[in-house]
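To be precise, the following lines are coords04.txt, and they hold compact mmCIF, C-alpha atoms.
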```
# COMPACT_ATOMS: atom_id res chain seq x y z
CA MET T 21 -35.61 55.74 -122.76
CA ARG T 22 -37.46 56.77 -125.88
CA THR T 23 -40.41 59.09 -125.35
CA SER T 24 -42.89 60.67 -127.71
CA SER T 25 -44.63 64.03 -127.94
CA GLU T 26 -47.05 62.67 -130.54
CA ARG T 27 -48.43 59.45 -129.06
CA ILE T 28 -48.32 57.16 -126.05
CA LEU T 29 -45.85 54.33 -126.53
CA SER T 30 -46.68 50.80 -125.36
CA THR T 31 -44.52 48.24 -123.59
CA HIS T 32 -44.83 45.47 -121.00
CA THR T 33 -43.03 44.43 -117.84
CA GLY T 34 -40.84 41.53 -118.93
CA SER T 35 -41.84 37.89 -118.70
CA LEU T 36 -44.11 36.34 -121.32
CA PRO T 37 -45.58 32.82 -121.57
CA ARG T 38 -43.04 30.07 -122.10
CA PRO T 39 -43.77 26.95 -124.19
CA ALA T 40 -44.84 23.93 -122.12
CA SER T 41 -41.78 21.91 -123.16
CA LEU T 42 -39.47 24.70 -121.99
CA VAL T 43 -41.34 25.04 -118.69
CA ASP T 44 -40.95 21.29 -118.18
CA LEU T 45 -37.18 21.48 -118.67
CA TYR T 46 -36.86 24.37 -116.23
CA ALA T 47 -39.08 22.63 -113.66
CA ARG T 48 -37.11 19.39 -113.92
CA ARG T 49 -33.82 21.21 -113.43
CA ALA T 50 -35.26 23.09 -110.44
CA ARG T 51 -36.19 19.72 -108.88
CA GLY T 52 -32.58 18.62 -109.21
CA GLU T 53 -33.10 16.32 -112.17
CA ALA T 54 -30.51 16.09 -114.93
CA VAL T 55 -31.52 17.88 -118.11
CA ASP T 56 -29.78 18.27 -121.44
CA GLU T 57 -28.35 21.79 -121.21
CA THR T 58 -27.88 21.94 -124.98
CA GLN T 59 -31.56 21.16 -125.51
CA LEU T 60 -32.52 23.69 -122.84
CA ALA T 61 -30.46 26.41 -124.52
CA ALA T 62 -31.88 25.58 -127.95
CA GLU T 63 -35.49 25.63 -126.75
CA GLY T 64 -34.93 28.85 -124.82
CA HIS T 65 -33.44 30.52 -127.89
CA ALA T 66 -36.27 29.36 -130.15
CA ALA T 67 -38.84 30.59 -127.62
CA MET T 68 -37.08 33.97 -127.46
CA LEU T 69 -37.24 34.35 -131.24
CA ARG T 70 -40.96 33.54 -131.27
CA SER T 71 -41.58 35.92 -128.37
CA VAL T 72 -39.97 38.77 -130.31
CA GLU T 73 -42.16 38.02 -133.33
CA ARG T 74 -45.33 37.93 -131.24
CA GLN T 75 -44.56 41.23 -129.52
CA ILE T 76 -44.08 42.96 -132.86
CA GLU T 77 -47.27 41.36 -134.21
CA ALA T 78 -49.14 42.71 -131.15
CA GLY T 79 -47.96 46.23 -132.00
CA LEU T 80 -45.82 46.85 -128.93
CA ASP T 81 -43.38 49.74 -129.23
CA VAL T 82 -40.84 48.80 -126.56
CA ILE T 83 -40.10 45.08 -126.49
CA ASN T 84 -37.79 42.54 -124.86
CA ASN T 85 -36.82 38.87 -125.08
CA GLY T 86 -39.73 37.66 -122.97
CA GLU T 87 -37.26 36.28 -120.39
CA GLN T 88 -37.49 32.97 -122.26
CA GLN T 89 -33.87 32.01 -121.55
CA ARG T 90 -34.39 32.16 -117.78
CA GLU T 91 -36.46 30.02 -115.43
CA GLY T 92 -37.47 33.05 -113.39
CA PHE T 93 -36.90 36.76 -113.12
CA PHE T 94 -34.26 36.35 -110.38
CA LEU T 95 -33.67 32.61 -109.90
CA TYR T 96 -31.46 32.42 -112.99
CA VAL T 97 -28.63 34.29 -111.26
CA GLN T 98 -27.65 31.13 -109.36
CA HIS T 99 -26.32 29.76 -112.67
CA ARG T 100 -24.23 32.88 -113.36
CA MET T 101 -22.93 33.72 -109.89
CA SER T 102 -21.06 31.86 -107.19
CA GLY T 103 -22.19 31.52 -103.59
CA PHE T 104 -25.55 29.76 -103.96
CA GLY T 105 -26.31 26.34 -102.49
CA GLY T 106 -29.20 24.20 -101.29
CA SER T 107 -32.64 25.69 -100.86
CA TRP T 108 -35.05 26.88 -98.19
CA LYS T 109 -38.73 27.69 -97.83
CA ARG T 110 -39.48 31.40 -98.18
CA TRP T 111 -41.45 33.36 -95.62
CA THR T 112 -45.20 33.19 -96.07
CA ARG T 113 -47.21 36.16 -97.32
CA ALA T 114 -49.08 37.94 -94.53
CA ASP T 115 -52.20 38.54 -96.61
CA VAL T 116 -52.46 34.86 -97.58
CA GLU T 117 -51.95 33.65 -94.02
CA ARG T 118 -54.82 35.70 -92.64
CA TYR T 119 -57.33 33.94 -94.95
CA PRO T 120 -57.03 30.17 -94.32
CA ALA T 121 -59.75 29.22 -96.81
CA PHE T 122 -58.03 31.20 -99.52
CA ARG T 123 -54.66 29.68 -98.62
CA GLN T 124 -56.13 26.19 -98.94
CA MET T 125 -57.64 27.07 -102.32
CA MET T 126 -54.31 28.45 -103.53
CA ASP T 127 -52.47 25.31 -102.39
CA GLU T 128 -54.98 23.09 -104.19
CA GLN T 129 -54.66 25.11 -107.40
CA ASN T 130 -50.87 24.82 -107.37
CA ARG T 131 -50.67 21.18 -106.34
CA GLY T 132 -49.22 19.04 -109.12
CA ARG T 133 -48.52 22.05 -111.31
CA THR T 134 -45.44 21.90 -113.55
CA ALA T 135 -43.69 25.12 -112.62
CA VAL T 136 -40.69 26.72 -110.94
CA SER T 137 -41.52 28.22 -107.55
CA ASN T 138 -40.06 31.53 -106.36
CA PHE T 139 -40.76 30.37 -102.79
CA ALA T 140 -38.14 27.60 -102.69
CA PRO T 141 -35.03 29.60 -103.64
CA PRO T 142 -31.40 28.78 -102.95
CA ARG T 143 -29.43 30.00 -99.94
CA VAL T 144 -26.20 32.00 -100.09
CA VAL T 145 -23.49 29.96 -98.41
CA SER T 146 -20.27 31.56 -99.71
CA GLU T 147 -18.97 34.65 -101.48
CA VAL T 148 -21.26 36.02 -104.20
CA ARG T 149 -19.46 37.06 -107.37
CA TYR T 150 -20.10 36.95 -111.09
CA ILE T 151 -18.33 33.80 -112.27
CA ASP T 152 -17.54 35.00 -115.79
CA PRO T 153 -18.39 38.61 -116.73
CA ALA T 154 -18.51 37.58 -120.40
CA VAL T 155 -21.61 35.50 -119.65
CA ALA T 156 -23.49 38.70 -118.83
CA SER T 157 -23.27 39.66 -122.51
CA VAL T 158 -24.51 36.38 -124.01
CA GLU T 159 -28.23 36.91 -123.46
CA ALA T 160 -28.01 40.50 -124.71
CA SER T 161 -26.08 39.36 -127.80
CA ASP T 162 -28.71 36.72 -128.58
CA PHE T 163 -31.44 39.34 -128.31
CA ALA T 164 -29.54 41.83 -130.47
CA GLN T 165 -29.15 39.21 -133.18
CA ALA T 166 -32.87 38.40 -133.01
CA LEU T 167 -33.69 42.07 -133.61
CA ARG T 168 -31.52 42.50 -136.69
CA GLY T 169 -33.63 43.48 -139.68
CA ARG T 170 -36.67 44.28 -137.54
CA ASP T 171 -35.98 48.00 -136.97
CA ALA T 172 -39.31 49.07 -138.49
CA GLY T 173 -41.28 46.81 -136.15
CA TYR T 174 -40.53 48.48 -132.83
CA VAL T 175 -39.24 51.71 -131.29
CA GLU T 176 -36.88 50.51 -128.54
CA ALA T 177 -35.83 47.35 -126.71
CA PHE T 178 -35.14 46.55 -123.07
CA LEU T 179 -33.84 43.70 -120.94
CA THR T 180 -34.56 43.01 -117.30
CA ALA T 181 -32.29 42.25 -114.36
CA PRO T 182 -33.21 41.76 -110.70
CA SER T 183 -32.63 44.13 -107.85
CA PRO T 184 -30.04 43.03 -105.29
CA GLY T 185 -32.85 43.48 -102.78
CA ILE T 186 -35.08 40.72 -104.12
CA ILE T 187 -32.17 38.29 -104.12
CA ALA T 188 -31.17 39.32 -100.60
CA ALA T 189 -34.73 38.85 -99.38
CA ALA T 190 -35.39 35.58 -101.21
CA CYS T 191 -32.02 33.83 -100.89
CA ARG T 192 -31.28 33.46 -97.20
CA ASN T 193 -27.90 34.86 -96.19
CA GLU T 194 -25.70 32.31 -94.45
CA HIS T 195 -22.35 33.89 -95.27
CA TYR T 196 -22.19 37.69 -94.89
CA ASP T 197 -22.00 39.33 -91.47
CA SER T 198 -24.54 42.05 -92.23
CA GLU T 199 -27.42 42.92 -94.51
CA ARG T 200 -25.41 45.83 -95.90
CA ALA T 201 -22.43 43.62 -96.77
CA TYR T 202 -24.70 41.06 -98.43
CA LEU T 203 -26.47 43.71 -100.51
CA ARG T 204 -23.18 45.34 -101.47
CA ALA T 205 -21.81 42.02 -102.76
CA LEU T 206 -24.98 41.37 -104.74
CA GLY T 207 -24.94 44.87 -106.19
CA GLU T 208 -21.36 44.53 -107.36
CA ALA T 209 -22.07 41.15 -108.95
CA LEU T 210 -25.23 42.38 -110.67
CA ARG T 211 -23.40 45.45 -111.96
CA HIS T 212 -21.91 43.21 -114.66
CA GLU T 213 -25.41 42.40 -115.93
CA TYR T 214 -26.66 45.96 -115.68
CA GLU T 215 -23.75 47.35 -117.67
CA ALA T 216 -23.79 44.53 -120.25
CA ILE T 217 -27.44 45.25 -121.03
CA VAL T 218 -26.86 48.97 -121.55
CA ASN T 219 -23.59 48.45 -123.43
CA ALA T 220 -25.51 46.25 -125.87
CA GLY T 221 -27.78 49.19 -126.65
CA PHE T 222 -30.80 48.22 -124.57
CA VAL T 223 -32.72 49.94 -121.81
CA LEU T 224 -32.15 48.27 -118.45
CA GLN T 225 -35.25 47.44 -116.41
CA LEU T 226 -34.51 46.85 -112.74
CA ASP T 227 -37.02 44.39 -111.30
CA CYS T 228 -37.56 45.52 -107.71
CA PRO T 229 -40.63 43.84 -106.19
CA ASP T 230 -38.64 43.83 -102.95
CA LEU T 231 -39.30 47.54 -102.55
CA ALA T 232 -43.01 46.82 -101.96
CA LEU T 233 -43.62 43.05 -101.74
CA GLU T 234 -41.19 42.35 -98.91
CA HIS T 235 -43.22 44.53 -96.54
CA HIS T 236 -45.73 41.67 -96.22
CA VAL T 237 -43.24 38.83 -96.72
CA SER T 238 -39.82 39.16 -95.07
CA PHE T 239 -40.72 42.18 -92.92
CA HIS T 240 -44.37 41.62 -92.03
CA GLU T 241 -43.48 41.13 -88.34
CA ALA T 242 -40.67 43.70 -88.24
CA GLY T 243 -42.74 46.85 -88.73
CA GLU T 244 -42.75 49.69 -91.24
CA ALA T 245 -39.67 51.48 -89.89
CA ARG T 246 -37.50 48.39 -90.34
CA PHE T 247 -38.91 47.79 -93.83
CA LEU T 248 -38.26 51.39 -94.88
CA GLN T 249 -34.69 51.00 -93.63
CA PHE T 250 -34.34 48.03 -95.98
CA VAL T 251 -35.83 49.99 -98.89
CA GLU T 252 -33.41 52.86 -98.30
CA LEU T 253 -30.47 50.46 -98.24
CA VAL T 254 -31.57 48.75 -101.47
CA VAL T 255 -32.00 52.07 -103.30
CA GLU T 256 -28.56 53.15 -102.08
CA THR T 257 -27.10 49.83 -103.32
CA LEU T 258 -28.82 50.16 -106.69
CA ASN T 259 -27.63 53.71 -107.21
CA ASP T 260 -24.07 52.51 -106.64
CA ALA T 261 -24.51 49.50 -108.95
CA ILE T 262 -25.74 51.69 -111.84
CA ARG T 263 -23.22 54.48 -111.24
CA ASN T 264 -21.73 54.04 -114.72
CA ILE T 265 -25.10 54.08 -116.52
CA PRO T 266 -26.96 57.24 -117.58
CA PRO T 267 -30.28 57.48 -115.71
CA ASP T 268 -32.25 57.76 -118.96
CA ARG T 269 -31.15 54.21 -119.87
CA VAL T 270 -32.76 52.71 -116.77
CA ARG T 271 -36.34 52.11 -115.70
CA MET T 272 -37.41 50.58 -112.39
CA HIS T 273 -40.28 48.13 -111.87
CA VAL T 274 -41.83 48.00 -108.40
CA CYS T 275 -44.79 45.82 -107.40
CA TRP T 276 -46.50 44.07 -104.50
CA GLY T 277 -46.12 40.52 -105.80
CA ASN T 278 -47.34 38.84 -108.96
CA TYR T 279 -49.97 36.60 -107.40
CA GLU T 280 -53.73 36.64 -107.06
CA GLY T 281 -54.45 37.25 -103.41
CA PRO T 282 -56.12 39.61 -100.93
CA HIS T 283 -53.21 42.11 -100.96
CA ASP T 284 -54.76 43.90 -98.00
CA CYS T 285 -51.40 43.88 -96.23
CA ASP T 286 -49.68 45.78 -99.06
CA VAL T 287 -47.66 48.80 -98.03
CA PRO T 288 -49.18 51.99 -99.50
CA LEU T 289 -47.28 53.49 -102.42
CA GLU T 290 -47.37 56.86 -100.63
CA LEU T 291 -45.22 55.46 -97.82
CA ILE T 292 -42.45 54.03 -99.99
CA TRP T 293 -42.52 56.49 -102.91
CA PRO T 294 -40.38 59.20 -101.23
CA VAL T 295 -37.55 56.65 -100.94
CA ILE T 296 -38.05 54.92 -104.29
CA ARG T 297 -38.01 58.18 -106.22
CA GLU T 298 -34.43 58.74 -105.04
CA ALA T 299 -33.32 56.03 -107.47
CA ARG T 300 -31.20 57.40 -110.33
CA VAL T 301 -33.50 56.15 -113.08
CA GLY T 302 -35.31 57.63 -116.05
CA GLY T 303 -38.65 56.05 -115.33
CA PHE T 304 -40.78 53.79 -113.17
CA VAL T 305 -43.00 50.82 -114.02
CA LEU T 306 -45.89 50.63 -111.55
CA PRO T 307 -49.13 48.58 -111.37
CA PHE T 308 -52.36 50.55 -111.60
CA ALA T 309 -54.73 48.06 -113.28
CA ASN T 310 -55.42 45.87 -110.26
CA ALA T 311 -58.14 46.69 -107.78
CA ARG T 312 -55.80 47.26 -104.85
CA HIS T 313 -53.56 49.95 -106.33
CA ALA T 314 -55.50 51.69 -109.14
CA HIS T 315 -56.23 54.66 -106.90
CA GLU T 316 -52.54 55.28 -106.23
CA MET T 317 -52.03 57.07 -109.54
CA ARG T 318 -52.78 60.25 -107.63
CA VAL T 319 -49.65 59.76 -105.48
CA LEU T 320 -47.70 61.02 -108.51
CA LYS T 321 -49.69 64.24 -108.37
CA ARG T 322 -48.69 64.92 -104.80
CA MET T 323 -45.08 63.73 -105.24
CA PRO T 324 -44.36 64.24 -108.94
CA LEU T 325 -41.86 62.67 -111.28
CA LYS T 326 -38.87 64.71 -112.35
CA ASP T 327 -39.44 66.53 -115.61
CA ASP T 328 -37.20 64.12 -117.53
CA GLN T 329 -38.75 60.94 -116.08
CA VAL T 330 -41.60 58.80 -117.40
CA ILE T 331 -44.15 56.48 -115.83
CA VAL T 332 -44.91 53.15 -117.45
CA ALA T 333 -48.45 52.83 -116.13
CA GLY T 334 -49.73 49.31 -115.60
CA VAL T 335 -53.14 49.37 -117.30
CA ILE T 336 -53.40 45.62 -118.00
CA ASP T 337 -53.97 43.14 -115.16
CA VAL T 338 -51.70 40.11 -115.59
CA LEU T 339 -53.61 37.89 -113.13
CA THR T 340 -57.00 37.65 -114.83
CA ASN T 341 -58.16 36.21 -118.13
CA PHE T 342 -60.48 39.15 -118.66
CA ILE T 343 -59.33 40.97 -121.81
CA GLU T 344 -59.45 44.68 -121.07
CA HIS T 345 -61.48 46.68 -123.57
CA PRO T 346 -59.30 49.19 -125.46
CA GLU T 347 -61.61 51.95 -124.24
CA VAL T 348 -60.86 50.96 -120.64
CA VAL T 349 -57.14 51.01 -121.40
CA ALA T 350 -57.49 54.45 -123.00
CA ASP T 351 -59.45 55.76 -120.01
CA ARG T 352 -56.74 54.60 -117.63
CA LEU T 353 -54.00 56.22 -119.70
CA GLU T 354 -55.92 59.49 -119.94
CA GLN T 355 -56.42 59.44 -116.19
CA MET T 356 -52.72 58.81 -115.63
CA SER T 357 -51.75 61.71 -117.88
CA GLY T 358 -53.75 63.99 -115.59
CA PHE T 359 -51.63 63.04 -112.57
CA VAL T 360 -48.29 63.87 -114.21
CA ARG T 361 -47.07 66.79 -116.29
CA GLY T 362 -48.88 65.45 -119.36
CA PRO T 363 -49.13 62.48 -121.74
CA GLU T 364 -45.50 62.90 -122.79
CA GLN T 365 -44.55 61.44 -119.39
CA VAL T 366 -46.78 58.37 -119.82
CA MET T 367 -46.19 54.97 -121.42
CA ALA T 368 -48.73 52.14 -121.52
CA GLY T 369 -47.72 48.93 -119.79
CA THR T 370 -48.76 45.89 -117.79
CA ASP T 371 -48.95 45.52 -114.03
CA CYS T 372 -46.21 42.88 -113.95
CA GLY T 373 -44.89 40.00 -116.03
CA PHE T 374 -47.18 37.27 -117.31
CA ASP T 375 -44.89 34.38 -116.25
CA THR T 376 -42.37 35.71 -113.74
CA SER T 377 -41.39 32.16 -112.78
CA ALA T 378 -41.70 29.47 -115.44
CA GLY T 379 -45.16 27.90 -115.43
CA MET T 380 -46.63 30.11 -112.70
CA GLY T 381 -48.53 32.47 -115.01
CA ARG T 382 -52.28 32.61 -114.45
CA VAL T 383 -53.30 33.90 -117.87
CA ALA T 384 -53.66 31.52 -120.82
CA SER T 385 -51.04 32.16 -123.49
CA ASP T 386 -53.53 33.04 -126.23
CA VAL T 387 -55.29 35.45 -123.88
CA VAL T 388 -51.94 37.08 -123.03
CA TRP T 389 -51.45 38.12 -126.64
CA ALA T 390 -55.04 39.35 -126.89
CA LYS T 391 -54.50 41.47 -123.78
CA LEU T 392 -51.34 42.95 -125.28
CA ARG T 393 -53.21 43.79 -128.49
CA ALA T 394 -55.85 45.51 -126.35
CA LEU T 395 -53.00 47.43 -124.70
CA THR T 396 -51.66 48.75 -128.00
CA GLU T 397 -55.15 49.52 -129.31
CA GLY T 398 -55.97 51.39 -126.11
CA ALA T 399 -52.74 53.37 -126.35
CA ARG T 400 -53.67 54.41 -129.89
CA LEU T 401 -57.13 55.49 -128.74
CA ALA T 402 -55.72 57.53 -125.88
CA SER T 403 -53.21 59.11 -128.24
CA THR T 404 -55.93 60.37 -130.60
CA ARG T 405 -57.58 62.11 -127.66
CA LEU T 406 -54.48 63.41 -125.91
CA TYR T 407 -52.68 64.45 -129.10
CA PRO T 408 -55.57 65.53 -131.40
CA ASN T 409 -53.28 67.55 -133.66
CA ALA T 410 -50.51 64.98 -134.04
CA GLY T 411 -49.75 63.45 -137.43
```

Can I see the file as structure tokens?
Amino acid sequence: MRTSSERILSTHTGSLPRPASLVDLYARRARGEAVDETQLAAEGHAAMLRSVERQIEAGLDVINNGEQQREGFFLYVQHRMSGFGGSWKRWTRADVERYPAFRQMMDEQNRGRTAVSNFAPPRVVSEVRYIDPAVASVEASDFAQALRGRDAGYVEAFLTAPSPGIIAAACRNEHYDSERAYLRALGEALRHEYEAIVNAGFVLQLDCPDLALEHHVSFHEAGEARFLQFVELVVETLNDAIRNIPPDRVRMHVCWGNYEGPHDCDVPLELIWPVIREARVGGFVLPFANARHAHEMRVLKRMPLKDDQVIVAGVIDVLTNFIEHPEVVADRLEQMSGFVRGPEQVMAGTDCGFDTSAGMGRVASDVVWAKLRALTEGARLASTRLYPNAG
């Protein structure tokens, strides 16, 4: 991961708004309708190219492909791996269930929406394996080609891939005889993606909402001890899956779910951080812009990063159409730098993706790009204050 001793670099968490026509194709396929796969591939590729252009225009330093060629941050694996079949209804979120009026409002807002839901995933009914390892390189190759000739427009590039834990939690196991065996199979299959991303020259971002979110989804009745056991097993599985990758080529994103909700059942960062920080990664991407977790920056003061690690601090809320003022962004980054060794350990980022599952984003596409411009402007402001003698 590229760092700087002269300014705070800016990035984001992964998914960016998809064009309506592309969302429609993904939603139709998710409903089981026949779609023209050639058209889907062409529209996904065109959307990826435009996403790259928009990120550079916004001034972002560390960019990606916007996840345009996927219908969701983890659902896409069912098209690259064996073992998936049918579907099921995911566990409900504990915080939503305790507020019936809010749950009704949420249902009404989503009714009739053209989107792909993360809460109706497939089941695993047979052996999970990567069908063709060469496929793991296709998306990375497309992205590499899109970046050719743009070297002056950005500092570094990354691609995302899901944690085996989020797939294990979301895709009900009906084949493996234990949670450990299921996770191990997923980790070995995903290893092909992890290594393909890094071998193509990109930073790998592991998307691990399972390490926080599943506390109030899959494990909300099981208790904290059982959830922490799951977190430990996932981190162990991840460390094995990235065994061939240098830690400084990996960053890990952890969050409590990319939805507007009460979030008063969220597990505290302080409880899970001792386990999460055992991951062999060069940095962490954590949400600190939202009202439920902004105070948890100080956890990194009590349990610090390693000297060679960085924190991508979420300073932009991806669930509101408020455009953060650059001064607010700068304030948050300055505050974050006070909880770690210094600004050289801090990057500016977003709390989560803007469209983690096609069509489910809550922020209007034009507002998304304005928020990202505010992010880069805020990072520049913070840099002038934290590095007064630079350049």

Practice task
Counting all atoms listed in the file, figure out which residue out of T:Gly207, T:Gly398, T:Gly281, T:Gly303 gets nearest to Val348 of chain T.
Solution key: T:Gly398

Exercise for the section: Pick out the residues sitting within 12 Å of Tyr46 of chain T, and hand them over as a PyMOL selection string; count all atoms listed in the file, and ignore anything fewer than 6 positions along from it in its own chain. Expected result: chain T and resi 38-40+52-57+59-61+63-64+88-92+95-96+134-137+377-380

Handout entry: Residue nearest Ile76 of chain T - candidates T:Leu45, T:Val305, T:Ala172, T:Met21, atoms counted: all atoms listed in the file
Key =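 Nearest candidate to Ile76 of chain T out of T:Leu45, T:Val305, T:Ala172, T:Met21: T:Ala172.
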
Exercise for the section: Take atom CA of Arg382 of chain T and atom CA of Val43 of chain T and report the distance between them in Å, one decimal. Expected result: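 It comes out at 14.0 Å.
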
Exercise for the section: Choose the residue, out of T:Gly86, T:Pro346, T:Pro282, T:Gly277, that has the smallest atom-to-atom separation from Arg118 of chain T; count all atoms listed in the file. Expected result: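 The shortest atom-to-atom distance to Arg118 of chain T comes from T:Pro282.
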
Handout entry: Polymer residues at most 8 Å from Ala177 of chain T, only C-alpha atoms, same-chain spacing of 3 or more positions, as a PyMOL selection string
Key = chain T and resi 82-84+174+222-223

Completion exercise
For Ile292 of chain T, the closest of T:Val332, T:Lys321, T:Leu258, T:Gln249 counting all atoms listed in the file is T:Gln249

Shell of 7 Å around Pro229 of chain T, all atoms listed in the file, local chain residues under 2 positions omitted, as a PDB file with C-alpha atoms, keeping the file's coordinate frame:
```
ATOM      1  CA  ILE T 186     -35.080  40.720-104.120  1.00  0.00           C
ATOM      2  CA  ASP T 227     -37.020  44.390-111.300  1.00  0.00           C
ATOM      3  CA  LEU T 231     -39.300  47.540-102.550  1.00  0.00           C
ATOM      4  CA  ALA T 232     -43.010  46.820-101.960  1.00  0.00           C
ATOM      5  CA  LEU T 233     -43.620  43.050-101.740  1.00  0.00           C
ATOM      6  CA  VAL T 274     -41.830  48.000-108.400  1.00  0.00           C
ATOM      7  CA  CYS T 275     -44.790  45.820-107.400  1.00  0.00           C
ATOM      8  CA  TRP T 276     -46.500  44.070-104.500  1.00  0.00           C
ATOM      9  CA  GLY T 277     -46.120  40.520-105.800  1.00  0.00           C
TER      10      GLY T 277
END
```

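Counting all atoms listed in the file, the residue from T:Asn193, T:Gln329, T:Thr31, T:Asn85 that sits nearest to Arg269 of chain T is T:Gln329.
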
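With all atoms listed in the file as the basis for measurement, T:Gly34 is the residue among T:Gly34, T:Asp268, T:Gln355, T:Ser25 that approaches Asp371 of chain T most closely.
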
Spatial neighbours of Leu167 of chain T, max dist 10 Å, only C-alpha atoms, sep filter under 2 positions, as a PDB file with C-alpha atoms, in the coordinates of the input:
```
ATOM      1  CA  LEU T  69     -37.240  34.350-131.240  1.00  0.00           C
ATOM      2  CA  VAL T  72     -39.970  38.770-130.310  1.00  0.00           C
ATOM      3  CA  GLU T  73     -42.160  38.020-133.330  1.00  0.00           C
ATOM      4  CA  ASN T  84     -37.790  42.540-124.860  1.00  0.00           C
ATOM      5  CA  ASN T  85     -36.820  38.870-125.080  1.00  0.00           C
ATOM      6  CA  SER T 161     -26.080  39.360-127.800  1.00  0.00           C
ATOM      7  CA  ASP T 162     -28.710  36.720-128.580  1.00  0.00           C
ATOM      8  CA  PHE T 163     -31.440  39.340-128.310  1.00  0.00           C
ATOM      9  CA  ALA T 164     -29.540  41.830-130.470  1.00  0.00           C
ATOM     10  CA  GLN T 165     -29.150  39.210-133.180  1.00  0.00           C
ATOM     11  CA  GLY T 169     -33.630  43.480-139.680  1.00  0.00           C
ATOM     12  CA  ARG T 170     -36.670  44.280-137.540  1.00  0.00           C
ATOM     13  CA  ASP T 171     -35.980  48.000-136.970  1.00  0.00           C
ATOM     14  CA  GLY T 173     -41.280  46.810-136.150  1.00  0.00           C
ATOM     15  CA  TYR T 174     -40.530  48.480-132.830  1.00  0.00           C
ATOM     16  CA  ALA T 177     -35.830  47.350-126.710  1.00  0.00           C
TER      17      ALA T 177
END
```

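Taking atom CA of Phe374 of chain T and atom CA of Leu353 of chain T as the two end points, the separation is 20.3 Å.
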
Practice task
Tell me, in Å to one decimal, how far atom CA of Met323 of chain T is from atom CA of Arg22 of chain T.
Solution key: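 According to the coordinates, atom CA of Met323 of chain T and atom CA of Arg22 of chain T are separated by 23.1 Å.
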